[in-house]
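The structure appears below as structure tokens.
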Amino acid sequence: MNDFKKKIRKKLIDLNFDFVGFTEPTVDDKSSEELKKFLDKNHYGEMKWLKKHYEKKINPKLIWNEVKTIIVLGLNYCPNHNPLYKNKINDIANISVYANNKDYHKIIFEKLKFFQKWLKLNHKIESKIFVDTAPIMEKYFAKKTGIGWQGKHTNVVSKKFGSWLFLSEIFLPIKVSFDLPSIDNCGTCNDCKKICPTNALKDDYKIEARKCISYLTIEYKGPVPQSLRKKIGNKIYGCDDCLAVCPWNKFSETTKNQNFLSTNDNKKLSYFLNFNKNKFNEYFKDSPIKRIGWITFLRNVILAIGNSKSEVFITKLTKFLDHENPIIRGIVIWSLNEILREKQKNPNFFKDIKKKEKNNYVLYELNTLDQ
Ligand code: B12
Ligand code: SF4
Ligand code: SF4
């Protein structure tokens, strides 16, 4: 390894990155084609930016013409427990591992900025830094550096860190010797595909994002498709099932970064139902959850409450029937019906609501109740 590469690696390891790899800024034909197929099938749903930036994705020079080397960084965020146990506790608000404390984008960005200044000051080299902030095929470049391989759940899996890695990149305008890619170690394992509640991983190494709970609870703002609601269970933000079941996690060690360890664990659904917009913004001010906004968060909480089938929520949910937002009224109707149907109570409950309701979508929810 040349001296300069050693210096860069040391600096980044000193900044507590767990992996530092170097690769060339080109995308091979196979991966460009696969991304194109994904887009042509509309598997991206409402994430229209994925389609819009296709050309940049397959050619990093369209992001920065000077780039000659991509440094890929991995940061271990392995939790101190396997999060799968949470799926079974109906009344808890199940938040995915990456969102249970500080926003990783901000934490990684600070480190990258520090490095960028150091590089300029000490070596007079300009650079560009990214953490999920540009149309870069982060997993593809990660795989090329040898950090791990793209598993059947489509995320990068490492022998050392399992599936718990955040990725980020630095673009350099100089060529530094490239590392070697690692090979696929999924073998005959299909655990991630089997566990996926919505069958979003039907085909090996491909995801139908529109069906993924992470997409439905984070990216998608509309009414969650009725056929997928029950499969979401108690998940109110993201999903980790396919990551958590991966057998390679057995070699991973709990993250040393306190900012990634959970501070939210096992809060009840009722805790969040008592929030309002201000409380939401205040409570999640440093968290990635803030990005989805109060209404989408409330939609998710109410949906999970429907899946809890717990009668204790009936009075509180009823108050949301007058909510100004139709998405909220629609999901309240569905959730109340799930709870009331379970208890075989009051089949006429929704008749009066139907008389008052004017919104077509909410009327659709009312007309499709199967009690
Ligand atoms: C859009 C997006 C999503 C979407 C789509 C998910 C996806 N798998 O792409 C949604 C909202 C569903 C999502 C969910 C999650 N995400 Co996300 N997401 C992204 C984002 C912004 C872009 C990814 C992208 O371009 N996807 C488009 C798909 C089509 O591309 P692809 O997976 O790279 O490759 C596909 C094709 O090209 C093709 N393909 C390519 N080569 C080959 C070769 C062969 C042989 C075949 C058959 C196919 C094939 O198949 C692949 C699957 O369709 C990246 C950040 C970034 N800039 O890269 C983070 C990123 C991928 N997400 C991340 C995380 C952590 C998550 C979640 C775990 C969050 C959570 N807990 O809820 C889940 C995991 C769900 C899952 N199983 O993927 C991390 C993953 C880190 C890692 N270790 O890999 C990233 C890299 C962010 C980061 N900086 O750390 N995410
Ligand atoms: S994150 Fe959940 S819903 Fe999405 S692919 Fe993985 S297991 Fe399926
Ligand atoms: S669970 Fe199995 S198939 Fe899925 S990524 Fe991990 S090793 Fe590969």
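Every chain in the structure tokens has a letter given in the order shown (A, B, ...), and although residue numbers restart at 1 in each chain, ligands are simply numbered from 1 in the order shown.
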
Cut-off 7 Å: closest chain A/ligand 3 atom pairs per residue, using only C-alpha atoms and all ligand atoms, as JSON lines:
```
{"residue": "A:Gly151", "atom": "CA", "partner": "ligand 3", "partner_atom_place_in_ligand_line": "5 (S)", "distance": 3.8}
{"residue": "A:Lys152", "atom": "CA", "partner": "ligand 3", "partner_atom_place_in_ligand_line": "5 (S)", "distance": 4.6}
{"residue": "A:His153", "atom": "CA", "partner": "ligand 3", "partner_atom_place_in_ligand_line": "5 (S)", "distance": 5.1}
{"residue": "A:Val157", "atom": "CA", "partner": "ligand 3", "partner_atom_place_in_ligand_line": "5 (S)", "distance": 6.4}
{"residue": "A:Asn185", "atom": "CA", "partner": "ligand 3", "partner_atom_place_in_ligand_line": "7 (S)", "distance": 6.5}
{"residue": "A:Cys186", "atom": "CA", "partner": "ligand 3", "partner_atom_place_in_ligand_line": "8 (Fe)", "distance": 3.7}
{"residue": "A:Cys189", "atom": "CA", "partner": "ligand 3", "partner_atom_place_in_ligand_line": "2 (Fe)", "distance": 4.3}
{"residue": "A:Asn190", "atom": "CA", "partner": "ligand 3", "partner_atom_place_in_ligand_line": "3 (S)", "distance": 4.3}
{"residue": "A:Asp191", "atom": "CA", "partner": "ligand 3", "partner_atom_place_in_ligand_line": "1 (S)", "distance": 4.5}
{"residue": "A:Cys192", "atom": "CA", "partner": "ligand 3", "partner_atom_place_in_ligand_line": "1 (S)", "distance": 4.2}
{"residue": "A:Lys193", "atom": "CA", "partner": "ligand 3", "partner_atom_place_in_ligand_line": "4 (Fe)", "distance": 6.5}
{"residue": "A:Cys242", "atom": "CA", "partner": "ligand 3", "partner_atom_place_in_ligand_line": "1 (S)", "distance": 6.5}
{"residue": "A:Leu243", "atom": "CA", "partner": "ligand 3", "partner_atom_place_in_ligand_line": "1 (S)", "distance": 6.9}
{"residue": "A:Val245", "atom": "CA", "partner": "ligand 3", "partner_atom_place_in_ligand_line": "1 (S)", "distance": 5.8}
{"residue": "A:Cys246", "atom": "CA", "partner": "ligand 3", "partner_atom_place_in_ligand_line": "1 (S)", "distance": 3.5}
{"residue": "A:Pro247", "atom": "CA", "partner": "ligand 3", "partner_atom_place_in_ligand_line": "6 (Fe)", "distance": 5.8}
{"residue": "A:Trp248", "atom": "CA", "partner": "ligand 3", "partner_atom_place_in_ligand_line": "7 (S)", "distance": 6.1}
```

Please save C-alpha atoms of the selected residues as a compact mmCIF listing (two decimals), in the first residue's frame.
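Result saved to selection.txt:
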```
# COMPACT_ATOMS: atom_id res chain seq x y z
CA GLY A 151 -26.75 -10.12 0.01
CA LYS A 152 -30.06 -11.55 -1.14
CA HIS A 153 -31.77 -8.85 0.95
CA VAL A 157 -23.27 -7.94 4.31
CA ASN A 185 -21.16 -15.63 0.72
CA CYS A 186 -24.96 -16.09 0.79
CA CYS A 189 -29.16 -19.43 2.64
CA ASN A 190 -32.53 -17.82 2.01
CA ASP A 191 -33.33 -16.67 5.55
CA CYS A 192 -33.90 -13.01 4.64
CA LYS A 193 -36.27 -13.92 1.82
CA CYS A 242 -34.21 -9.31 6.73
CA LEU A 243 -31.09 -7.77 8.28
CA VAL A 245 -32.11 -12.79 10.60
CA CYS A 246 -28.87 -12.87 8.58
CA PRO A 247 -26.59 -15.61 9.98
CA TRP A 248 -23.49 -13.49 9.33
```

Residues within 9 Å of Ser252 (chain A), please, as JSON, numbers by chain. Count only C-alpha atoms; anything in the same chain fewer than 5 positions from it doesn't count.
{"A": [76, 78, 158, 159, 160, 161, 162, 163, 164]}

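Those protein and nucleic acid residues that have any atom within 7 Å of ligand 2 are, using only C-alpha atoms and all ligand atoms, His153, Cys192, Ile195, Cys196, Pro197, Thr198, Asn199, Ala200, Leu201, Ile207, Lys211, Cys212, Ile213, Ser214, Gly238, Cys239, Asp240, Asp241, Cys242 and Leu243 of chain A.
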
Which one of A:Asp91, A:Glu357, A:Asp203, A:Asp14 sits closest to ligand 1 if you count only C-alpha atoms and all ligand atoms?
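Smallest separation from ligand 1 among the options: A:Asp203.
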
Using only C-alpha atoms and all ligand atoms, which of A:Lys267, A:Lys319, A:Lys111, A:Lys143 sits nearest ligand 1?
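Among the listed residues, the smallest separation from ligand 1 belongs to A:Lys143.
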
Contact residues around region 48-54 of chain A with only C-alpha atoms at 10 Å, ignoring same-chain residues under 4 positions, as a list in words
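Close residues of region 48-54 of chain A: Ser32, Leu35, Lys36, Phe38, Leu39, Asp40, Asn42, Tyr44, Ile58, Asn59, Leu62, Ala134, Pro135, Ile136 and Met137 of chain A.
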
Residues just named, written with C-alpha atoms as a PDB file, in the first residue's frame:
```pdb
ATOM      1  CA  SER A  32     -26.537  -0.535 -14.695  1.00  0.00           C
ATOM      2  CA  LEU A  35     -30.973  -0.859 -11.918  1.00  0.00           C
ATOM      3  CA  LYS A  36     -32.695  -0.001 -15.200  1.00  0.00           C
ATOM      4  CA  PHE A  38     -35.866  -2.129 -11.383  1.00  0.00           C
ATOM      5  CA  LEU A  39     -36.863   1.317 -12.619  1.00  0.00           C
ATOM      6  CA  ASP A  40     -38.697   0.022 -15.693  1.00  0.00           C
ATOM      7  CA  ASN A  42     -41.749   0.791 -11.299  1.00  0.00           C
ATOM      8  CA  TYR A  44     -39.391   2.292  -6.801  1.00  0.00           C
ATOM      9  CA  ILE A  58     -24.430   4.823 -13.293  1.00  0.00           C
ATOM     10  CA  ASN A  59     -21.793   7.509 -13.904  1.00  0.00           C
ATOM     11  CA  LEU A  62     -21.806  13.343 -13.685  1.00  0.00           C
ATOM     12  CA  ALA A 134     -26.453  11.974  -3.635  1.00  0.00           C
ATOM     13  CA  PRO A 135     -27.462   9.526  -6.358  1.00  0.00           C
ATOM     14  CA  ILE A 136     -24.556   7.164  -5.756  1.00  0.00           C
ATOM     15  CA  MET A 137     -24.834   3.375  -5.913  1.00  0.00           C
TER      16      MET A 137
END
```

Quick one: residues within 7 Å of Gly74 (chain A), only C-alpha atoms counted, chain neighbours fewer than 4 positions away excluded, as a short mmCIF file (atom, residue, chain, number, x, y, z; two decimals) with C-alpha atoms, in the first residue's frame?
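selection34.cif, written as the output of this step:
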```cif
data_model
loop_
_atom_site.label_atom_id
_atom_site.label_comp_id
_atom_site.auth_asym_id
_atom_site.auth_seq_id
_atom_site.Cartn_x
_atom_site.Cartn_y
_atom_site.Cartn_z
CA PHE A 17 -14.80 4.42 10.80
CA ASP A 18 -14.80 0.64 10.97
CA PHE A 19 -13.95 0.05 7.33
CA VAL A 20 -12.13 2.10 4.68
CA LEU A 165 -23.28 -1.19 8.36
CA PHE A 166 -23.91 2.40 7.38
CA LEU A 167 -22.20 3.44 4.16
CA SER A 168 -20.72 6.76 3.08
#
```

Spatial neighbours of Lys309 (chain A), 12 Å, only C-alpha atoms, chain gap at least 2 places, as a list of chain:residue names:
A:Asn90, A:Asp91, A:Lys230, A:Gly233, A:Asn234, A:Ile302, A:Leu303, A:Ala304, A:Ile305, A:Gly306, A:Asn307, A:Glu311, A:Val312, A:Phe313, A:Ile314, A:Trp334, A:Ser335, A:Leu336, A:Asn337, A:Glu338, A:Ile339, A:Leu340, A:Arg341, A:Glu342, A:Lys343, A:Gln344

Could you turn the residues from that selection into a file that holds N, CA and C atoms, as a PDB file, in the first residue's frame?
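Listing of again.pdb after writing:
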```
ATOM      1  N   ASN A  90     -47.086  -6.897  20.925  1.00  0.00           N
ATOM      2  CA  ASN A  90     -48.080  -6.143  20.150  1.00  0.00           C
ATOM      3  C   ASN A  90     -48.183  -4.665  20.470  1.00  0.00           C
ATOM      4  N   ASP A  91     -48.023  -4.310  21.747  1.00  0.00           N
ATOM      5  CA  ASP A  91     -48.331  -2.920  22.107  1.00  0.00           C
ATOM      6  C   ASP A  91     -47.097  -2.024  22.140  1.00  0.00           C
ATOM      7  N   LYS A 230     -51.754  -5.575   7.620  1.00  0.00           N
ATOM      8  CA  LYS A 230     -51.583  -6.537   8.724  1.00  0.00           C
ATOM      9  C   LYS A 230     -50.139  -7.019   8.806  1.00  0.00           C
ATOM     10  N   GLY A 233     -47.578  -5.219  11.142  1.00  0.00           N
ATOM     11  CA  GLY A 233     -47.554  -5.533  12.579  1.00  0.00           C
ATOM     12  C   GLY A 233     -47.391  -4.287  13.423  1.00  0.00           C
ATOM     13  N   ASN A 234     -46.402  -4.302  14.331  1.00  0.00           N
ATOM     14  CA  ASN A 234     -46.203  -3.155  15.240  1.00  0.00           C
ATOM     15  C   ASN A 234     -45.090  -2.210  14.763  1.00  0.00           C
ATOM     16  N   ILE A 302     -51.107   4.686  14.291  1.00  0.00           N
ATOM     17  CA  ILE A 302     -52.515   4.246  14.309  1.00  0.00           C
ATOM     18  C   ILE A 302     -52.678   2.896  13.607  1.00  0.00           C
ATOM     19  N   LEU A 303     -51.925   2.709  12.525  1.00  0.00           N
ATOM     20  CA  LEU A 303     -51.982   1.426  11.823  1.00  0.00           C
ATOM     21  C   LEU A 303     -51.515   0.290  12.762  1.00  0.00           C
ATOM     22  N   ALA A 304     -50.412   0.529  13.456  1.00  0.00           N
ATOM     23  CA  ALA A 304     -49.879  -0.494  14.370  1.00  0.00           C
ATOM     24  C   ALA A 304     -50.867  -0.764  15.508  1.00  0.00           C
ATOM     25  N   ILE A 305     -51.573   0.267  15.923  1.00  0.00           N
ATOM     26  CA  ILE A 305     -52.579   0.089  16.981  1.00  0.00           C
ATOM     27  C   ILE A 305     -53.702  -0.840  16.490  1.00  0.00           C
ATOM     28  N   GLY A 306     -54.088  -0.665  15.226  1.00  0.00           N
ATOM     29  CA  GLY A 306     -55.089  -1.578  14.649  1.00  0.00           C
ATOM     30  C   GLY A 306     -54.592  -3.012  14.723  1.00  0.00           C
ATOM     31  N   ASN A 307     -53.324  -3.200  14.427  1.00  0.00           N
ATOM     32  CA  ASN A 307     -52.761  -4.552  14.466  1.00  0.00           C
ATOM     33  C   ASN A 307     -52.626  -5.089  15.885  1.00  0.00           C
ATOM     34  N   GLU A 311     -58.341  -3.289  22.861  1.00  0.00           N
ATOM     35  CA  GLU A 311     -59.539  -2.504  23.161  1.00  0.00           C
ATOM     36  C   GLU A 311     -59.245  -1.202  23.901  1.00  0.00           C
ATOM     37  N   VAL A 312     -58.111  -1.153  24.589  1.00  0.00           N
ATOM     38  CA  VAL A 312     -57.824   0.035  25.405  1.00  0.00           C
ATOM     39  C   VAL A 312     -57.701   1.305  24.538  1.00  0.00           C
ATOM     40  N   PHE A 313     -57.497   1.125  23.238  1.00  0.00           N
ATOM     41  CA  PHE A 313     -57.293   2.294  22.378  1.00  0.00           C
ATOM     42  C   PHE A 313     -58.590   2.874  21.819  1.00  0.00           C
ATOM     43  N   ILE A 314     -59.722   2.179  22.019  1.00  0.00           N
ATOM     44  CA  ILE A 314     -60.946   2.574  21.307  1.00  0.00           C
ATOM     45  C   ILE A 314     -61.297   4.043  21.543  1.00  0.00           C
ATOM     46  N   TRP A 334     -59.932   2.019   9.662  1.00  0.00           N
ATOM     47  CA  TRP A 334     -59.433   0.645   9.484  1.00  0.00           C
ATOM     48  C   TRP A 334     -59.029   0.042  10.834  1.00  0.00           C
ATOM     49  N   SER A 335     -58.299   0.831  11.612  1.00  0.00           N
ATOM     50  CA  SER A 335     -57.785   0.303  12.887  1.00  0.00           C
ATOM     51  C   SER A 335     -58.916   0.028  13.873  1.00  0.00           C
ATOM     52  N   LEU A 336     -59.869   0.961  13.941  1.00  0.00           N
ATOM     53  CA  LEU A 336     -61.004   0.740  14.849  1.00  0.00           C
ATOM     54  C   LEU A 336     -61.751  -0.532  14.441  1.00  0.00           C
ATOM     55  N   ASN A 337     -61.895  -0.700  13.152  1.00  0.00           N
ATOM     56  CA  ASN A 337     -62.603  -1.891  12.672  1.00  0.00           C
ATOM     57  C   ASN A 337     -61.854  -3.169  13.049  1.00  0.00           C
ATOM     58  N   GLU A 338     -60.528  -3.121  12.958  1.00  0.00           N
ATOM     59  CA  GLU A 338     -59.736  -4.300  13.343  1.00  0.00           C
ATOM     60  C   GLU A 338     -59.982  -4.646  14.806  1.00  0.00           C
ATOM     61  N   ILE A 339     -60.035  -3.611  15.648  1.00  0.00           N
ATOM     62  CA  ILE A 339     -60.203  -3.853  17.088  1.00  0.00           C
ATOM     63  C   ILE A 339     -61.640  -4.299  17.391  1.00  0.00           C
ATOM     64  N   LEU A 340     -62.601  -3.587  16.810  1.00  0.00           N
ATOM     65  CA  LEU A 340     -64.013  -3.891  17.114  1.00  0.00           C
ATOM     66  C   LEU A 340     -64.410  -5.255  16.563  1.00  0.00           C
ATOM     67  N   ARG A 341     -63.908  -5.576  15.395  1.00  0.00           N
ATOM     68  CA  ARG A 341     -64.246  -6.863  14.789  1.00  0.00           C
ATOM     69  C   ARG A 341     -63.751  -8.012  15.663  1.00  0.00           C
ATOM     70  N   GLU A 342     -62.541  -7.812  16.187  1.00  0.00           N
ATOM     71  CA  GLU A 342     -61.947  -8.824  17.060  1.00  0.00           C
ATOM     72  C   GLU A 342     -62.848  -9.076  18.268  1.00  0.00           C
ATOM     73  N   LYS A 343     -63.394  -7.979  18.782  1.00  0.00           N
ATOM     74  CA  LYS A 343     -64.214  -8.111  20.001  1.00  0.00           C
ATOM     75  C   LYS A 343     -65.692  -8.350  19.653  1.00  0.00           C
ATOM     76  N   GLN A 344     -65.994  -8.448  18.377  1.00  0.00           N
ATOM     77  CA  GLN A 344     -67.370  -8.634  17.880  1.00  0.00           C
ATOM     78  C   GLN A 344     -68.330  -7.611  18.484  1.00  0.00           C
TER      79      GLN A 344
END
```

Expressed in Å to a single decimal, how great is the separation between atom 45 (C, counted along the ligand's line) of ligand 1 and CA of Asn82 (chain A)?
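It comes out at 28.9 Å.
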
Between atom 19 (C, counted along the ligand's line) of ligand 1 and CA of Lys235 (chain A) lies a distance of 18.4 Å

Could you check the closest approach to ligand 1 for each of A:Phe4, A:Trp64, A:Phe178, A:Tyr140 and tell me which residue wins, using only C-alpha atoms and all ligand atoms?
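Distance minimum relative to ligand 1 lands on A:Tyr140.
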
Extract, using only C-alpha atoms, all DNA, RNA and protein residues at most 10 Å from region 223-225 of chain A, discarding same-chain residues fewer than 6 positions from it, and format them as a PyMOL selection string.
chain A and resi 210-211+213+216-217+232+296+299-300+303+326-328+330-331+361-362+365

Extract the full set of alpha helix (DSSP H) residues from region 59-115 of chain A according to DSSP on the backbone, and format it as JSON, numbers by chain.
{"A": [104, 105, 106, 107, 108, 109, 110, 111, 112, 113, 114, 115]}

Pick from A:Asn122, A:Asn249, A:Ser31, A:Thr26: nearest to ligand 1, with only C-alpha atoms and all ligand atoms counted?
A:Ser31

Applying 7 Å and only C-alpha atoms, which residues near Thr23 (chain A) remain after dropping the ones on its own chain fewer than 4 positions away? List them as number ranges by chain.
A: 69-71, 141, 144-145, 178-179

So that I have them on file, write out the residues from the current selection with N, CA and C atoms, as a compact mmCIF listing (two decimals), in the first residue's frame.
```txt
# COMPACT_ATOMS: atom_id res chain seq x y z
N THR A 69 -11.09 8.41 -7.76
CA THR A 69 -11.15 7.31 -6.77
C THR A 69 -12.34 7.55 -5.85
N ILE A 70 -13.05 6.45 -5.52
CA ILE A 70 -14.11 6.57 -4.50
C ILE A 70 -13.63 5.83 -3.25
N ILE A 71 -13.64 6.54 -2.13
CA ILE A 71 -13.37 5.87 -0.85
C ILE A 71 -14.73 5.52 -0.27
N PHE A 141 -20.61 0.26 -4.92
CA PHE A 141 -19.21 0.64 -4.72
C PHE A 141 -18.63 -0.01 -3.46
N LYS A 144 -17.45 -3.36 -4.24
CA LYS A 144 -16.21 -3.36 -5.03
C LYS A 144 -14.95 -3.14 -4.17
N THR A 145 -15.14 -2.59 -2.97
CA THR A 145 -13.97 -2.33 -2.13
C THR A 145 -13.61 -3.52 -1.25
N PHE A 178 -6.66 0.66 -6.08
CA PHE A 178 -7.98 0.14 -5.72
C PHE A 178 -7.88 -1.18 -4.96
N ASP A 179 -8.89 -1.43 -4.10
CA ASP A 179 -8.94 -2.69 -3.36
C ASP A 179 -9.70 -3.74 -4.18
```
